[in-house]
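Working notes for the structure below.
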Amino acid sequence: MANIKERNEIKKTVDTATLEDKTQGETKPEIIREPIFKTNNFNLWYGDNHALQDINLTFNKNEISAIIGPSGCGKSTFVKSLNRMVELVPIVRTEGEILYRDQDIFERKFTVEELRTKVGMVFQKPNPFPKSIYDNVAYGPRVHGIRKKQILDEIVEKSLRDAAIWDEVKDRLNENAIGLSGGQQQRICIARALATEPDVILMDEPTSALDPISTTKVEDLMQELKKNYSIVVVTHNMQQAARVSDTTAFFYQGYVVEHDDTKVIFENPRDQRTEDYVSGRFG
Amino acid sequence: MQLIDKNLIAKKRNGRLMTNKILKWLFFLCTLVGLAVLISLIVDTLIDAVGYLDLHFLTSMGSSRIEEAGFYGAIIGSLWLMLVTVPVAIFLSVATALYLEEYAPENRVTEFIKINISNLAGVPSVVFGLLGLAIFVRAMAMGNSVLAAGLTLALMILPVIVVSSQEAIRSVPSTVREASIGMGATKWQTVSRIILPAAIPGIITGIILAISRAIGETAPLVVIGVPTTLLVTPNGFLDSFQAMPMQIYSWVKMPQEEYQYLAAAGIIVLLVILLLMNSAAIFIRNKFSTRY
């Protein structure tokens with residue numbers, strides 16, 4: 001199977017011509033992979049610490065892209081760079097490009113507010129607001145100026161349904177979200193991210209604080225969500241990456257060791273370190 | 001091999017338990033000292049005040065004849081004073097705290113300002129009185145008006161509210177801050193919808209402490225030259241006024257014994273008004289209380 005990066009470059013030269021893409025010697029017909037995020041020699045420093053080094057990655061539309069790697073390898077930093085949340089740390093300095101739909105996210109006219117509206121985020125620890133379930137989910141739309149009760153009602157219901165938690169909370173939308181279990185809180189947070197109708201959802205170890213049952217629910221949900229959204233997920237859990245993702249990038253000490261289809265990464269990695277990591281020999 | 005000598009542990013156990021018990025009672029006694037002083041103070045004042053604390057006292061202006069003297073002018077004057085001090089102090093200090101915690105870049109200048117605001121909270125009130133005298137009374141020609149005194153007291157309590165508001169803002173978990181910003185909310189939307197509601201209980205605690213201090217403060221008013229006896233209540237912010245602590249102070253200074261009883265009655269009124277304002281603030285605080 002061809003390397004994704006190469007494939008995307010090929011695709012770029014032939015633009016959106018579907019047929020040609022299919023003739024690249026693939027054994028089975030595939031859906032076209034349209035890049036949504038592309039980084040060009042992206043570097044990041046925390047003060048003097050060169051945390052991300054020459055990152056060149058491409059993530060595709062309607063796919064789940066997993067990022068794995070040992071603690072401190074820069075995977076969280078990287079995913080937070082995609083919506084510029086990393087800039088909340090004052091000593092951060094970046095270099096290089098991150099293209100979201102061919103637009104550099106660091107360009108002046110592309111405001112962070114607009115970027116973060118399009119690129120939503122689900123965090124490691126469930127972080128609902130100390131408000132009602134309804135107000136949590138309606139927060140994003142309200143922030144963007146939607147006031148009509150009727151529309152908000154619809155958004156809240158749809159988002160909660162999409163996050164597979166509607167049935168559990170539909171009778172208590174006015175209760176404080178803090179009172180829910182951890183797994184429910186995380187799905188409320190996913191619903192809250194969906195409510196702004198983002199294009200991409202970044203997930204930073206979304207299940208690391210959850211029990212196995214809640215984890216399964218969130219993983220199933222991710223499969224469901226990728227029909228309409230593109231997902232980039234950071235995970236510590238290699239089984240999770242293997243189960244849910246289409247492509248996997250292995251980060252190690254601030255650079256990308258290998259990025260390929262998940263199957264390749266787990267079954268036939270090219271780099272020895274990748275093989276060692278996915279087989280649990282270090283990390 | 002045994003590293004721990006079980007006999008030694010058994011021998012030391014009684015000592016540990018004894019220390020524990022003794023300290024518990026010591027701490028309780030210390031609490032009792034404060035409590036006893038407070039109660040005896042209130043009881044003593046009440047006994048002095050009881051004959052003089054009546055409707056006449058509450059509704060009459062000051063007078064040179066003891067049996068006619070009342071506290072009305074001072075009560076109204078102090079309320080006017082708070083009408084200036086409280087809004088000005090709250091607005092300025094919450095805005096300052098928000099700027100320092102949420103907007104200001106993290107650098108040495110910000111750090112310097114933060115440290116100095118804490119230091120400002122320790123400046124004696126007389127110094128603020130002198131500042132008010134120089135700036136508001138003289139330079140801005142406000143005279144010894146409600147406005148001049150109110151602004152002076154506002155400046156005096158500013159650092160107290162700033163510091164407690166900073167603490168309250170800082171205690172809002174950064175995770176909810178990130179959640180809001182991560183959805184494309186602006187800084188102000190995050191501040192007004194998430195941070196302020198969560199920080200309000202802490203901010204109000206600071207406000208309660210600050211107002212309690214402002215309403216009982218005498219020294220700055222003496223420096224500004226607030227009159228002790230007036231025959232009218234103020235009609236506007238630029239009018240002269242009386243204040244409760246000033247009235248009490250002037251009564252206490254009098255040689256006749258009856259004035260001491262009037263002062264005691266004044267203290268009780270001051271305490272009751274303080275208590276009412278605090279209860280209102282606590283009520284608001286509990287309404288806003290959220291948990292994480």
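Naming works like this for the structure tokens: A, B, ... for the chains as they're shown, residue 1 at the start of each chain, ligands 1 onward in shown order.
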I'd like a table as CSV: residues in chain B with an atom no more than 6 Å from chain A, each row giving the shortest atom pair and its distance in Å to one decimal, only C-alpha atoms counted, sorted by chain and rising residue number.
```
residue,atom,partner,partner_atom,distance
B:Thr175,CA,A:Asn127,CA,5.9
B:Val176,CA,A:Asn127,CA,5.7
B:Gly182,CA,A:Arg116,CA,5.7
B:Met183,CA,A:Thr117,CA,5.4
B:Gly184,CA,A:Glu113,CA,4.2
B:Ala185,CA,A:Val143,CA,5.9
```
Neighbouring residues of Tyr229 of chain A were defined as those with any atom within 12 Å, considering only C-alpha atoms; residues of the same chain fewer than 6 positions away were excluded. Please report them as a PDB file with C-alpha atoms, in the first residue's frame.
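Below is the file selection.pdb, written as the result:
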```pdb
ATOM      1  CA  ILE A  36      -8.052  18.518   5.352  1.00  0.00           C
ATOM      2  CA  ASN A  60      -7.724  13.372   5.359  1.00  0.00           C
ATOM      3  CA  LYS A  61     -11.376  14.272   5.327  1.00  0.00           C
ATOM      4  CA  ASN A  62     -13.804  11.797   6.870  1.00  0.00           C
ATOM      5  CA  GLU A  63     -11.043   9.754   8.376  1.00  0.00           C
ATOM      6  CA  ILE A  64      -9.892   9.120  11.886  1.00  0.00           C
ATOM      7  CA  SER A  65      -6.217   9.985  12.135  1.00  0.00           C
ATOM      8  CA  LYS A 118     -14.210  25.084  12.370  1.00  0.00           C
ATOM      9  CA  VAL A 119     -11.783  22.895  14.273  1.00  0.00           C
ATOM     10  CA  GLY A 120     -13.447  21.778  17.483  1.00  0.00           C
ATOM     11  CA  ASP A 162     -25.091  12.444  17.484  1.00  0.00           C
ATOM     12  CA  ALA A 193     -18.149  20.279  20.338  1.00  0.00           C
ATOM     13  CA  LEU A 194     -20.573  18.995  17.680  1.00  0.00           C
ATOM     14  CA  GLU A 197     -21.003  22.099  13.547  1.00  0.00           C
ATOM     15  CA  PRO A 198     -17.237  21.983  13.173  1.00  0.00           C
ATOM     16  CA  ASP A 199     -15.434  20.532  10.206  1.00  0.00           C
ATOM     17  CA  VAL A 200     -12.703  18.758  12.156  1.00  0.00           C
ATOM     18  CA  ILE A 201     -12.762  17.425  15.712  1.00  0.00           C
ATOM     19  CA  LEU A 202      -9.497  17.170  17.595  1.00  0.00           C
ATOM     20  CA  LEU A 221     -19.257   7.155  18.500  1.00  0.00           C
ATOM     21  CA  MET A 222     -16.058   8.121  16.708  1.00  0.00           C
ATOM     22  CA  GLN A 223     -16.781   5.578  13.978  1.00  0.00           C
TER      23      GLN A 223
END
```
The residue from A:Ala177, A:Asp276, A:Lys148, A:Ala66 with the smallest atom-to-atom distance to Pro206 of chain A, counting only C-alpha atoms, is A:Ala66
Do a neighbour search on Gly280 of chain A at 12 Å with only C-alpha atoms, toss out local chain neighbours closer than 6 positions, and write the hits as JSON, numbers by chain.
{"A": [69, 70, 236, 237, 238, 239, 266, 273, 274]}
Could you save the residues just selected, with C-alpha atoms, as a CSV table (one decimal), in the first residue's frame?
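New file out_13.csv:
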```csv
chain,number,residue,atom,x,y,z
A,69,GLY,CA,3.8,7.9,20.9
A,70,PRO,CA,5.3,7.7,24.4
A,236,HIS,CA,-2.0,6.5,24.7
A,237,ASN,CA,-3.8,3.3,24.0
A,238,MET,CA,-2.4,1.4,21.0
A,239,GLN,CA,-5.3,-1.0,20.9
A,266,PHE,CA,0.6,-2.1,13.3
A,273,ARG,CA,11.2,2.0,16.6
A,274,THR,CA,7.6,1.9,15.4
```
Might you pull out every residue within 12 Å of segment 243-247 of chain A, with only C-alpha atoms counted and same-chain residues fewer than 5 positions away left off, and present them as a PyMOL selection string?
chain A and resi 3-5+33+57-68+215-226+230-235+237-238+258-266
Please, could you write that set of residues out with N, CA and C atoms as a compact mmCIF listing (two decimals), in the first residue's frame?
```
# COMPACT_ATOMS: atom_id res chain seq x y z
N ASN A 3 2.39 4.91 0.50
CA ASN A 3 2.48 5.84 1.61
C ASN A 3 1.50 6.99 1.38
N ILE A 4 0.84 7.40 2.46
CA ILE A 4 -0.20 8.41 2.33
C ILE A 4 0.31 9.74 1.82
N LYS A 5 1.48 10.08 2.34
CA LYS A 5 2.03 11.37 1.95
C LYS A 5 2.25 11.40 0.44
N ARG A 33 -9.22 10.23 -0.98
CA ARG A 33 -8.77 10.84 0.26
C ARG A 33 -8.43 12.30 0.00
N LEU A 57 2.88 16.26 7.90
CA LEU A 57 1.82 15.27 8.01
C LEU A 57 0.62 15.73 7.19
N THR A 58 -0.16 14.76 6.75
CA THR A 58 -1.40 15.11 6.08
C THR A 58 -2.52 14.27 6.69
N PHE A 59 -3.60 14.94 7.06
CA PHE A 59 -4.77 14.22 7.57
C PHE A 59 -5.91 14.40 6.58
N ASN A 60 -6.70 13.33 6.40
CA ASN A 60 -7.72 13.37 5.36
C ASN A 60 -9.12 13.55 5.91
N LYS A 61 -9.98 14.01 5.01
CA LYS A 61 -11.38 14.27 5.33
C LYS A 61 -12.08 12.94 5.59
N ASN A 62 -13.00 12.96 6.52
CA ASN A 62 -13.80 11.80 6.87
C ASN A 62 -12.98 10.58 7.25
N GLU A 63 -11.85 10.85 7.85
CA GLU A 63 -11.04 9.75 8.38
C GLU A 63 -10.74 10.01 9.84
N ILE A 64 -10.39 8.95 10.53
CA ILE A 64 -9.89 9.12 11.89
C ILE A 64 -8.38 8.96 11.83
N SER A 65 -7.68 10.03 12.16
CA SER A 65 -6.22 9.99 12.14
C SER A 65 -5.73 9.90 13.57
N ALA A 66 -5.01 8.82 13.86
CA ALA A 66 -4.53 8.65 15.23
C ALA A 66 -3.10 9.12 15.36
N ILE A 67 -2.79 9.67 16.53
CA ILE A 67 -1.41 10.03 16.82
C ILE A 67 -1.00 9.27 18.07
N ILE A 68 0.05 8.45 17.93
CA ILE A 68 0.50 7.68 19.09
C ILE A 68 1.95 8.03 19.39
N THR A 215 -15.41 3.95 27.38
CA THR A 215 -14.43 4.02 26.30
C THR A 215 -14.99 3.41 25.03
N THR A 216 -15.61 2.23 25.17
CA THR A 216 -16.21 1.58 24.01
C THR A 216 -17.26 2.49 23.37
N LYS A 217 -18.08 3.11 24.23
CA LYS A 217 -19.13 3.99 23.70
C LYS A 217 -18.53 5.13 22.89
N VAL A 218 -17.48 5.73 23.45
CA VAL A 218 -16.86 6.86 22.74
C VAL A 218 -16.21 6.38 21.44
N GLU A 219 -15.61 5.19 21.47
CA GLU A 219 -14.98 4.67 20.24
C GLU A 219 -16.02 4.39 19.15
N ASP A 220 -17.14 3.79 19.57
CA ASP A 220 -18.21 3.55 18.60
C ASP A 220 -18.69 4.86 18.01
N LEU A 221 -18.81 5.84 18.90
CA LEU A 221 -19.26 7.15 18.50
C LEU A 221 -18.32 7.76 17.45
N MET A 222 -17.02 7.56 17.66
CA MET A 222 -16.06 8.12 16.71
C MET A 222 -16.26 7.53 15.32
N GLN A 223 -16.52 6.22 15.27
CA GLN A 223 -16.78 5.58 13.98
C GLN A 223 -17.99 6.20 13.29
N GLU A 224 -19.00 6.48 14.10
CA GLU A 224 -20.23 7.07 13.58
C GLU A 224 -19.95 8.50 13.07
N LEU A 225 -19.16 9.22 13.86
CA LEU A 225 -18.92 10.64 13.56
C LEU A 225 -18.08 10.84 12.30
N LYS A 226 -17.26 9.88 11.96
CA LYS A 226 -16.34 10.14 10.85
C LYS A 226 -17.07 10.23 9.51
N SER A 230 -14.14 15.05 10.24
CA SER A 230 -12.80 14.48 10.20
C SER A 230 -12.28 14.53 11.63
N ILE A 231 -11.60 13.47 12.05
CA ILE A 231 -11.18 13.40 13.44
C ILE A 231 -9.67 13.17 13.54
N VAL A 232 -9.04 13.95 14.39
CA VAL A 232 -7.64 13.69 14.72
C VAL A 232 -7.61 13.32 16.20
N VAL A 233 -7.13 12.15 16.51
CA VAL A 233 -7.19 11.70 17.90
C VAL A 233 -5.80 11.32 18.42
N VAL A 234 -5.48 11.88 19.58
CA VAL A 234 -4.25 11.51 20.26
C VAL A 234 -4.60 10.39 21.22
N THR A 235 -3.83 9.34 21.23
CA THR A 235 -4.15 8.28 22.19
C THR A 235 -2.89 7.62 22.75
N ASN A 237 -3.36 4.71 24.03
CA ASN A 237 -3.79 3.33 24.01
C ASN A 237 -3.64 2.79 22.59
N MET A 238 -2.67 1.91 22.40
CA MET A 238 -2.38 1.44 21.04
C MET A 238 -3.49 0.60 20.46
N GLU A 258 6.98 7.71 11.77
CA GLU A 258 6.31 7.02 10.67
C GLU A 258 4.84 7.42 10.64
N HIS A 259 4.32 7.60 9.45
CA HIS A 259 2.90 7.91 9.29
C HIS A 259 2.39 7.11 8.10
N ASP A 260 1.39 6.30 8.38
CA ASP A 260 0.88 5.44 7.29
C ASP A 260 -0.51 4.95 7.66
N ASP A 261 -1.07 4.16 6.80
CA ASP A 261 -2.34 3.53 7.15
C ASP A 261 -2.15 2.72 8.43
N THR A 262 -3.17 2.73 9.26
CA THR A 262 -3.06 2.09 10.56
C THR A 262 -2.63 0.63 10.44
N LYS A 263 -3.20 -0.05 9.45
CA LYS A 263 -2.88 -1.45 9.22
C LYS A 263 -1.37 -1.63 9.01
N VAL A 264 -0.80 -0.75 8.21
CA VAL A 264 0.63 -0.84 7.93
C VAL A 264 1.44 -0.60 9.20
N ILE A 265 1.07 0.45 9.93
CA ILE A 265 1.81 0.80 11.14
C ILE A 265 1.81 -0.37 12.13
N PHE A 266 0.70 -1.04 12.24
CA PHE A 266 0.61 -2.08 13.26
C PHE A 266 1.07 -3.45 12.77
```
Test item: residues at most 8 Å from Ala121 of chain B, only C-alpha atoms, excluding those fewer than 2 positions along its chain, as a compact mmCIF listing (two decimals) with C-alpha atoms, in the first residue's frame:
```
# COMPACT_ATOMS: atom_id res chain seq x y z
CA ILE B 117 -1.30 45.80 44.55
CA SER B 118 -0.92 43.30 47.38
CA ASN B 119 1.38 45.77 49.13
CA VAL B 123 -1.10 50.82 53.42
CA MET B 156 -8.64 52.45 50.05
CA ILE B 157 -10.59 49.21 49.58
CA LEU B 158 -9.56 48.73 45.94
CA PRO B 159 -6.52 46.53 46.64
CA VAL B 160 -8.49 44.27 48.99
```
